[in-house]
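Note sheet for the following structure.
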Protein chains: 2
Amino acid sequence: MAEGTRKFWGWGVVESDLTAEETGQLAKVLSSRFGGAELTPRPAPRVEDLDLRAPRVKPPSALAEICSDDPEERAGHSLGKGFRDVVRAFRRDYGNPVDWVAYPRDEGQIAALLDWCGSEQIAAIPYGGGSSVVGGVEPNVGDRYKGAVSIDLQHLNRLLELDRTSRAAHFEAGIYGPALEAHLRPHKLTLRHFPQSFEFSTLGGWIATRSGGHFATLYTHIDDFVESLRVVTPAGTQESRRLPGSGAGPSPDRMFIGSEGALGIITAAWVRLQDRPTFRAGGTVHFADFLSAAEAVRALSQSGLYPANCRILDPVEAANNGVGSGKEAVMVLGFESADHPVDAWMARALECTADHGGTQAQPPGEGPAHKSGTAGAWRDAFLRMPYVRDAMVSMGMVTDTFETAITWERFPAFHAAVMEATEKAVREICGAGTVSCRFTHAYPDGPAPYYSIIAPGKVESQLEQWDEIKQAASDVLIAQGGTITHHHAVGRDHRPWYDRQHAAGFLVGLRAVKHAFDPAGIMNPGVLVDP
Amino acid sequence: MAEGTRKFWGWGVVESDLTAEETGQLAKVLSSRFGGAELTPRPAPRVEDLDLRAPRVKPPSALAEICSDDPEERAGHSLGKGFRDVVRAFRRDYGNPVDWVAYPRDEGQIAALLDWCGSEQIAAIPYGGGSSVVGGVEPNVGDRYKGAVSIDLQHLNRLLELDRTSRAAHFEAGIYGPALEAHLRPHKLTLRHFPQSFEFSTLGGWIATRSGGHFATLYTHIDDFVESLRVVTPAGTQESRRLPGSGAGPSPDRMFIGSEGALGIITAAWVRLQDRPTFRAGGTVHFADFLSAAEAVRALSQSGLYPANCRILDPVEAANNGVGSGKEAVMVLGFESADHPVDAWMARALECTADHGGTQAQPPGEGPAHKSGTAGAWRDAFLRMPYVRDAMVSMGMVTDTFETAITWERFPAFHAAVMEATEKAVREICGAGTVSCRFTHAYPDGPAPYYSIIAPGKVESQLEQWDEIKQAASDVLIAQGGTITHHHAVGRDHRPWYDRQHAAGFLVGLRAVKHAFDPAGIMNPGVLVDP
């Protein structure tokens, strides 16, 4: 993970938080945008503020040395990093903490932990970087369990083997993004998977939640980078064969990719790598409106050019992120290659955008274009956003994101319905606020729209206000044919809509798999399927 | 399917079979290549030759009109189209025929058929085009079943909906390749999935067996083209949501892709399409040896250029297919696009091949390069091969193919071991013969090698000779870390090695899914997992 002191109650490290001055400035901007009421940042929670329930269970002596009941560690592992989590942290609401945090050092200790949990009916909650924004790591497991243990994989952080020829590496699953890339950099290789959580999330977490990377086309989800998996389940340990492709029955890996800890704990994976790009071209293109920009993305995603970036931001989203004037939609366009100059690619892509009314706001530059100019401003804002979010929560704002995917022909009506329902909810519940949209990923058959909400809330009902808006947004996503999540995962927060999204028959099959691997029903209960 | 009279006993249609003159010429060539013994083609089996066991079960009256006990139809549905099948056909060995062939016209009839089979403990064997080469459609199901019914999906052949904007189409699963493409052609769209069986296989069959298409990189398996699936299982009907991408738990579609009829019957699918290519560049590149050619394929597959074709044939394989002198390895290289000229792509690819000692044997041409010159000769031979195979079987040859995938760094040793073990088996069992190799598909992390065997056999022990060779080849694939199949599927023939390839734990999970969807264990028993 990145250097610094991890915040137990919110995103990232203390050292990167907004300064008091920055927070004050943010409060002024937001106040003037939303009606003028004064916004007062509250102090961040301190561990001393909390009065955690004593652990309800006790680890067996053989496991005692890897289990901690330190209050800060327990608090940090009891909530994720979503809006709901940070609000509860500001409320000092840690009423349902994990009883222990376990730090296994090998698979034997993981198996022993699962044995203990199984024999005493304790919920076992796998924990990578803890960056879930969907209630994926909190022990909201019901009364059926005598306790809950968070199993933190941070010590399983080794590079086990590197295969330069096949461009693949075997990592333990608890390795954080920056450490993983640091191992690869000397070999001029990269996994090239950069979710927004990159600094504070792990390989195993990415695989368990089907995370989406920074790049917009072709290789988006982590799914495609998995060459083989090793998983410890309560029923035993299994490993798939390392293969570039196979047609031998349903994919074993796909059974565990996206299983969110409900089947077992991913302990290691062979992942496919890429050469580090050395050729780049990129720029920013402006469009009069979001739907024209969307049409340009459709053309690009169907062109076979495979841009590394072809994200679009609607006018509000662009302005919120410090790019654009607030009047035009902005596309961040870029190509990268380790093999060849990408000028021919970029030239054709700009023809496509021009065909749809795009005007080039920034010429394709030399070097890493996505780190400079408008595109660079957007990227910096992107990585900074979770810290800004924490500050906004501190002053009572209601702000979060939700994301989905839909086919192209349904997109315009879908988007209109989502905007209408969500803006209506924001207006009725908060009185004011903005709903904006960007595309995070684009497929030949449809985009992955990502919506951001910023609204003035009330400190005393901040959580309940959000829950109402989230309900309205999720309802419209599902009613209009989208997915409840493109890359944020299901967790506990999305369960009601996940259950509506999938065929009942499929869920019966998934439950059968769950029973086979987790007969006692201890693995991350409440996530995906009930035991 | 293609025009003509389907052969019940072998590949394709009667009208496309080799003429007597062509067969005689083939016999002479093979005789002179393998020791000079005269090769005498046997006459093809006729339905009158067969004495099929009477049906052991009787369909209920409501299903009688869609069930046939016509001997030719029963014979045609009782064996697949692999070497073992054709040999048994020449032996008139139809000792284990399906009792009935059912031709349902809708999902209601499929569900009724499964109900009947479930209530009377009859094996239900889904049948698309029947092109299995791995024992996937034959009723070798053991004594546990009172009968066996082949469920032929040919009447579920409609285009249900076309979405030009998203480039996707909703087809019933029983549609054959040519009919599917005929629906798309007027819209300038294509599925662009051309397995060797294309003319005589169906969309549902491709999905059920994870078939591999004609194109070499990026989009190889049908898996990536599936947008959503509809499946009738004995436990009910389910349909996944149509989405360009999703992160909502493990993929529902991936549970059924590759399930080979063991979980249920795929009745419809939304598939992702592409615009029909209009820009092409292609050519043939020669290499001094196969491993140099393989290194060039590795460079191309890791370049991000995504050639439509970058197949290589070893010297023997090239000569057998009428391309090359038998001394050099041959690469068939091609790019296609519907969006942009591909000259920049082709130019860079030729640099890559030159870096690995490749010499351009044929300049990149205008128009559909893969249909002309050396590349064209190879393609024609490729499509003609199954007919040639039938003729070779008729004269007692032992000839078949097997295929796999392996990572690049293991490929040289893997290939050496596979060649050594297989050549040894061929030599010991047949006294002479050739083993050759091509790559059918290439991934950034490894190739899919495809091996062909041609050896003089003995009519009276042709099957047993092949079984011994197949055993040796399959053993070495699994021992050396490969997959038992990259795109031919598992069926019944590959079961012993499939069971060794996969972790026992995964198979327990798959069996749990099978129990959930097929509690009576009637779906294609013996394939993938036992009931």
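To be explicit about the labels: the chains of the structure tokens are called A, B, and onward in the order shown, and within each one the residues are counted from 1, while ligands get numbers from 1 in the order they are shown.
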Q.
Distance limit 7 Å, atoms considered: only C-alpha atoms. Which chain B residues sit that close to chain A? Return them as a PyMOL selection string.
A. chain B and resi 165-168+210+236+238-240+243-252+254-259+272+303+339+405-409+443-446+483-487+489-490+498+502-503+505-506+508-509+512-513+516-517+528
Those residues with C-alpha atoms, as an mmCIF file, in the first residue's frame please?
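Output file out.cif is given in full below:
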data_model
loop_
_atom_site.group_PDB
_atom_site.id
_atom_site.type_symbol
_atom_site.label_atom_id
_atom_site.label_comp_id
_atom_site.auth_asym_id
_atom_site.auth_seq_id
_atom_site.Cartn_x
_atom_site.Cartn_y
_atom_site.Cartn_z
ATOM 1 C CA THR B 165 -26.840 0.053 -32.715
ATOM 2 C CA SER B 166 -25.266 -2.232 -30.150
ATOM 3 C CA ARG B 167 -24.235 -4.711 -32.828
ATOM 4 C CA ALA B 168 -25.955 -7.634 -31.177
ATOM 5 C CA ARG B 210 -16.711 -23.275 -25.940
ATOM 6 C CA GLY B 236 -36.650 -24.717 -14.794
ATOM 7 C CA GLN B 238 -33.563 -19.152 -16.740
ATOM 8 C CA GLU B 239 -32.290 -16.195 -18.686
ATOM 9 C CA SER B 240 -29.462 -13.828 -17.944
ATOM 10 C CA LEU B 243 -25.314 -6.551 -20.543
ATOM 11 C CA PRO B 244 -22.101 -5.377 -22.196
ATOM 12 C CA GLY B 245 -20.249 -5.976 -18.944
ATOM 13 C CA SER B 246 -21.045 -6.591 -15.310
ATOM 14 C CA GLY B 247 -19.372 -7.115 -11.977
ATOM 15 C CA ALA B 248 -22.406 -8.433 -10.138
ATOM 16 C CA GLY B 249 -21.041 -11.676 -8.740
ATOM 17 C CA PRO B 250 -19.683 -14.611 -10.748
ATOM 18 C CA SER B 251 -20.872 -14.462 -14.359
ATOM 19 C CA PRO B 252 -24.143 -16.389 -14.800
ATOM 20 C CA ARG B 254 -19.920 -18.569 -17.676
ATOM 21 C CA MET B 255 -21.650 -21.236 -15.613
ATOM 22 C CA PHE B 256 -23.319 -22.537 -18.783
ATOM 23 C CA ILE B 257 -20.689 -21.723 -21.408
ATOM 24 C CA GLY B 258 -18.872 -25.024 -21.818
ATOM 25 C CA SER B 259 -21.449 -27.039 -19.868
ATOM 26 C CA ARG B 272 -22.096 -9.661 -29.938
ATOM 27 C CA SER B 303 2.329 -6.622 -29.668
ATOM 28 C CA ASP B 339 -13.179 0.799 -39.880
ATOM 29 C CA ALA B 405 -2.886 -24.752 -24.995
ATOM 30 C CA ILE B 406 0.229 -23.977 -22.991
ATOM 31 C CA THR B 407 2.102 -20.891 -21.818
ATOM 32 C CA TRP B 408 4.951 -19.598 -23.965
ATOM 33 C CA GLU B 409 7.839 -20.355 -21.637
ATOM 34 C CA TYR B 443 -2.724 -15.514 -26.776
ATOM 35 C CA PRO B 444 -0.339 -13.025 -25.185
ATOM 36 C CA ASP B 445 0.606 -15.703 -22.668
ATOM 37 C CA GLY B 446 0.706 -18.758 -24.889
ATOM 38 C CA THR B 483 -5.269 -28.572 -21.239
ATOM 39 C CA ILE B 484 -6.953 -31.695 -22.598
ATOM 40 C CA THR B 485 -8.808 -29.450 -25.010
ATOM 41 C CA HIS B 486 -8.597 -25.878 -26.198
ATOM 42 C CA HIS B 487 -11.745 -25.941 -28.332
ATOM 43 C CA ALA B 489 -14.586 -29.888 -25.807
ATOM 44 C CA VAL B 490 -14.495 -32.725 -23.293
ATOM 45 C CA TYR B 498 -10.396 -33.741 -17.749
ATOM 46 C CA HIS B 502 -9.099 -29.988 -12.841
ATOM 47 C CA ALA B 503 -8.770 -29.649 -9.089
ATOM 48 C CA GLY B 505 -12.446 -29.293 -5.367
ATOM 49 C CA PHE B 506 -13.647 -27.534 -8.496
ATOM 50 C CA VAL B 508 -17.151 -30.971 -6.433
ATOM 51 C CA GLY B 509 -18.498 -27.476 -7.063
ATOM 52 C CA ALA B 512 -23.196 -29.348 -6.957
ATOM 53 C CA VAL B 513 -24.367 -27.135 -9.810
ATOM 54 C CA ALA B 516 -29.148 -28.183 -8.558
ATOM 55 C CA PHE B 517 -30.172 -27.961 -12.216
ATOM 56 C CA LEU B 528 -18.063 -33.427 -17.607
#
Q: Write out as a ChimeraX atom specification all residues of range 323-467 of chain B that DSSP puts in strand (DSSP E) for this structure's backbone.
A: /B:329-337,359-362,397-403,434-443,446-456
Written selection (N, CA and C atoms) as a compact mmCIF listing (two decimals), in the first residue's frame:
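What follows is the written file again.txt:
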# COMPACT_ATOMS: atom_id res chain seq x y z
N ALA B 329 8.63 -23.82 -42.18
CA ALA B 329 7.38 -23.54 -41.46
C ALA B 329 6.71 -22.33 -42.12
N VAL B 330 5.39 -22.34 -42.12
CA VAL B 330 4.64 -21.31 -42.83
C VAL B 330 3.72 -20.57 -41.86
N MET B 331 3.75 -19.26 -41.95
CA MET B 331 2.80 -18.45 -41.19
C MET B 331 1.79 -17.81 -42.13
N VAL B 332 0.53 -17.95 -41.80
CA VAL B 332 -0.54 -17.26 -42.52
C VAL B 332 -0.91 -16.04 -41.68
N LEU B 333 -0.64 -14.88 -42.22
CA LEU B 333 -0.78 -13.64 -41.45
C LEU B 333 -1.82 -12.75 -42.10
N GLY B 334 -2.70 -12.18 -41.33
CA GLY B 334 -3.71 -11.31 -41.92
C GLY B 334 -4.32 -10.34 -40.93
N PHE B 335 -4.68 -9.19 -41.44
CA PHE B 335 -5.41 -8.18 -40.66
C PHE B 335 -6.69 -7.84 -41.40
N GLU B 336 -7.71 -7.54 -40.63
CA GLU B 336 -9.00 -7.15 -41.20
C GLU B 336 -9.60 -6.03 -40.38
N SER B 337 -10.33 -5.15 -41.04
CA SER B 337 -11.04 -4.11 -40.31
C SER B 337 -12.22 -3.62 -41.13
N THR B 359 10.69 -14.72 -43.66
CA THR B 359 10.80 -14.10 -44.98
C THR B 359 9.43 -14.13 -45.63
N GLN B 360 9.10 -13.01 -46.23
CA GLN B 360 7.77 -12.88 -46.79
C GLN B 360 7.69 -13.68 -48.08
N ALA B 361 6.84 -14.72 -48.09
CA ALA B 361 6.75 -15.58 -49.27
C ALA B 361 5.73 -15.03 -50.25
N GLN B 362 4.86 -14.22 -49.75
CA GLN B 362 3.78 -13.70 -50.59
C GLN B 362 3.50 -12.30 -50.10
N MET B 397 -6.84 -45.91 -42.72
CA MET B 397 -5.84 -45.04 -42.10
C MET B 397 -6.24 -44.70 -40.65
N VAL B 398 -5.24 -44.41 -39.86
CA VAL B 398 -5.47 -43.89 -38.52
C VAL B 398 -5.12 -42.40 -38.58
N THR B 399 -6.12 -41.57 -38.47
CA THR B 399 -5.86 -40.13 -38.63
C THR B 399 -6.81 -39.33 -37.77
N ASP B 400 -6.25 -38.40 -37.05
CA ASP B 400 -7.08 -37.56 -36.20
C ASP B 400 -6.26 -36.35 -35.76
N THR B 401 -6.89 -35.49 -35.04
CA THR B 401 -6.20 -34.32 -34.51
C THR B 401 -6.45 -34.24 -33.01
N PHE B 402 -5.52 -33.62 -32.31
CA PHE B 402 -5.79 -33.26 -30.92
C PHE B 402 -5.18 -31.90 -30.67
N GLU B 403 -5.68 -31.20 -29.68
CA GLU B 403 -5.30 -29.79 -29.54
C GLU B 403 -5.27 -29.41 -28.07
N THR B 434 2.92 -39.80 -39.65
CA THR B 434 3.45 -38.46 -39.36
C THR B 434 2.63 -37.80 -38.24
N VAL B 435 3.34 -37.03 -37.45
CA VAL B 435 2.70 -36.16 -36.46
C VAL B 435 3.14 -34.74 -36.78
N SER B 436 2.21 -33.87 -36.96
CA SER B 436 2.56 -32.50 -37.32
C SER B 436 1.79 -31.52 -36.44
N CYS B 437 2.20 -30.27 -36.50
CA CYS B 437 1.63 -29.27 -35.58
C CYS B 437 1.37 -27.94 -36.27
N ARG B 438 0.30 -27.34 -35.92
CA ARG B 438 0.04 -25.94 -36.27
C ARG B 438 -0.42 -25.20 -35.02
N PHE B 439 -0.42 -23.89 -35.05
CA PHE B 439 -1.11 -23.12 -34.00
C PHE B 439 -2.45 -22.68 -34.58
N THR B 440 -3.50 -22.93 -33.84
CA THR B 440 -4.80 -22.44 -34.29
C THR B 440 -5.12 -21.07 -33.69
N HIS B 441 -4.64 -20.82 -32.49
CA HIS B 441 -4.93 -19.56 -31.81
C HIS B 441 -3.70 -19.15 -31.02
N ALA B 442 -3.54 -17.87 -30.81
CA ALA B 442 -2.40 -17.39 -30.05
C ALA B 442 -2.85 -16.32 -29.06
N TYR B 443 -2.41 -16.47 -27.84
CA TYR B 443 -2.72 -15.51 -26.78
C TYR B 443 -1.44 -14.83 -26.34
N GLY B 446 0.41 -17.42 -24.39
CA GLY B 446 0.71 -18.76 -24.89
C GLY B 446 -0.10 -19.14 -26.12
N PRO B 447 0.36 -20.17 -26.82
CA PRO B 447 -0.32 -20.61 -28.03
C PRO B 447 -1.29 -21.77 -27.77
N ALA B 448 -2.13 -22.02 -28.76
CA ALA B 448 -2.97 -23.22 -28.79
C ALA B 448 -2.44 -24.13 -29.90
N PRO B 449 -1.54 -25.05 -29.57
CA PRO B 449 -1.02 -25.98 -30.59
C PRO B 449 -2.04 -27.05 -30.95
N TYR B 450 -2.02 -27.43 -32.19
CA TYR B 450 -3.01 -28.36 -32.76
C TYR B 450 -2.23 -29.42 -33.53
N TYR B 451 -2.37 -30.66 -33.14
CA TYR B 451 -1.55 -31.73 -33.70
C TYR B 451 -2.38 -32.62 -34.61
N SER B 452 -1.79 -33.01 -35.72
CA SER B 452 -2.46 -33.90 -36.67
C SER B 452 -1.65 -35.18 -36.81
N ILE B 453 -2.35 -36.28 -36.87
CA ILE B 453 -1.70 -37.59 -37.04
C ILE B 453 -2.24 -38.23 -38.30
N ILE B 454 -1.32 -38.75 -39.11
CA ILE B 454 -1.71 -39.57 -40.27
C ILE B 454 -0.83 -40.81 -40.24
N ALA B 455 -1.46 -41.96 -40.13
CA ALA B 455 -0.68 -43.19 -40.04
C ALA B 455 -1.45 -44.32 -40.71
N PRO B 456 -0.71 -45.27 -41.27
CA PRO B 456 -1.37 -46.43 -41.88
C PRO B 456 -1.86 -47.36 -40.78
Q | Members of range 144-363 of chain A assigned alpha helix (DSSP H) by DSSP, as JSON, numbers by chain | A | {"A": [177, 178, 179, 180, 181, 182, 183, 184, 203, 204, 205, 206, 207, 208, 209, 252, 253, 254, 255, 256, 290, 291, 292, 293, 294, 295, 296, 297, 298, 299, 300, 301, 315, 316, 317, 318, 319, 320, 343, 344, 345, 346, 347, 348, 349, 350, 351, 352, 353, 354, 355]}
_Set the distance at 12 Å and use only C-alpha atoms: which residues neighbour Trp11 in chain B once local chain neighbours fewer than 3 positions away are removed? I'd like the list as a ChimeraX atom specification._
/B:2,5-8,14-18,44,76,79-83,85-86,89,129-133,196-201,383-391,393
Atom-to-atom span, CA of Glu172 in chain B and CA of Leu159 in chain B, Å: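 These atoms are spaced 6.4 Å apart.
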Between CA of Met392 in chain A and CA of Lys28 in chain A, what is the spacing in Å?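 One can read the CA of Lys28 in chain A to CA of Met392 in chain A distance as 11.3 Å.
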Margin query: I want to know what sits within 9 Å of Gly128 in chain B, based on only C-alpha atoms, with residues of the same chain fewer than 5 positions away left out; could you give that as a ChimeraX atom specification?
Written below: /B:151-154,173-176,200-206
Exercise. Between A:Lys327, A:Arg144, A:His214, A:Arg84, which one has atoms that come closest to Asp467 in chain A, using only C-alpha atoms?
Worked result: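 With only C-alpha atoms as the atom set, the closest residue is A:Arg84.
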- Message: To one decimal place in Å, what is the distance between CA of Asn524 in chain B and CA of Ala123 in chain B?
- Response: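 Calculated distance between CA of Asn524 in chain B and CA of Ala123 in chain B is 6.3 Å.
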**Request:** Pick out the residues sitting within 8 Å of Ala520 in chain B, and hand them over as a VMD selection string; count only C-alpha atoms, and ignore anything fewer than 4 positions along from it in its own chain.
**Result:** chain B and resid 118 121 515 531
- [ ] Can you pull out every residue within 6 Å of range 94-99 of chain A, counting only C-alpha atoms, but drop anything in the same chain fewer than 4 positions away, and send it as a list in words?
- [x] Pro55, Arg74, Ser78, Ala148 and Val149 of chain A
Take the residues from that selection and put them in a file with C-alpha atoms, as a PDB file, in the first residue's frame.
ATOM      1  CA  PRO A  55     -14.936  -9.704  21.631  1.00  0.00           C
ATOM      2  CA  ARG A  74     -11.087  -3.793  14.855  1.00  0.00           C
ATOM      3  CA  SER A  78     -15.564  -3.276  10.674  1.00  0.00           C
ATOM      4  CA  ALA A 148     -17.162 -12.383  13.340  1.00  0.00           C
ATOM      5  CA  VAL A 149     -13.492 -12.470  12.386  1.00  0.00           C
TER       6      VAL A 149
END
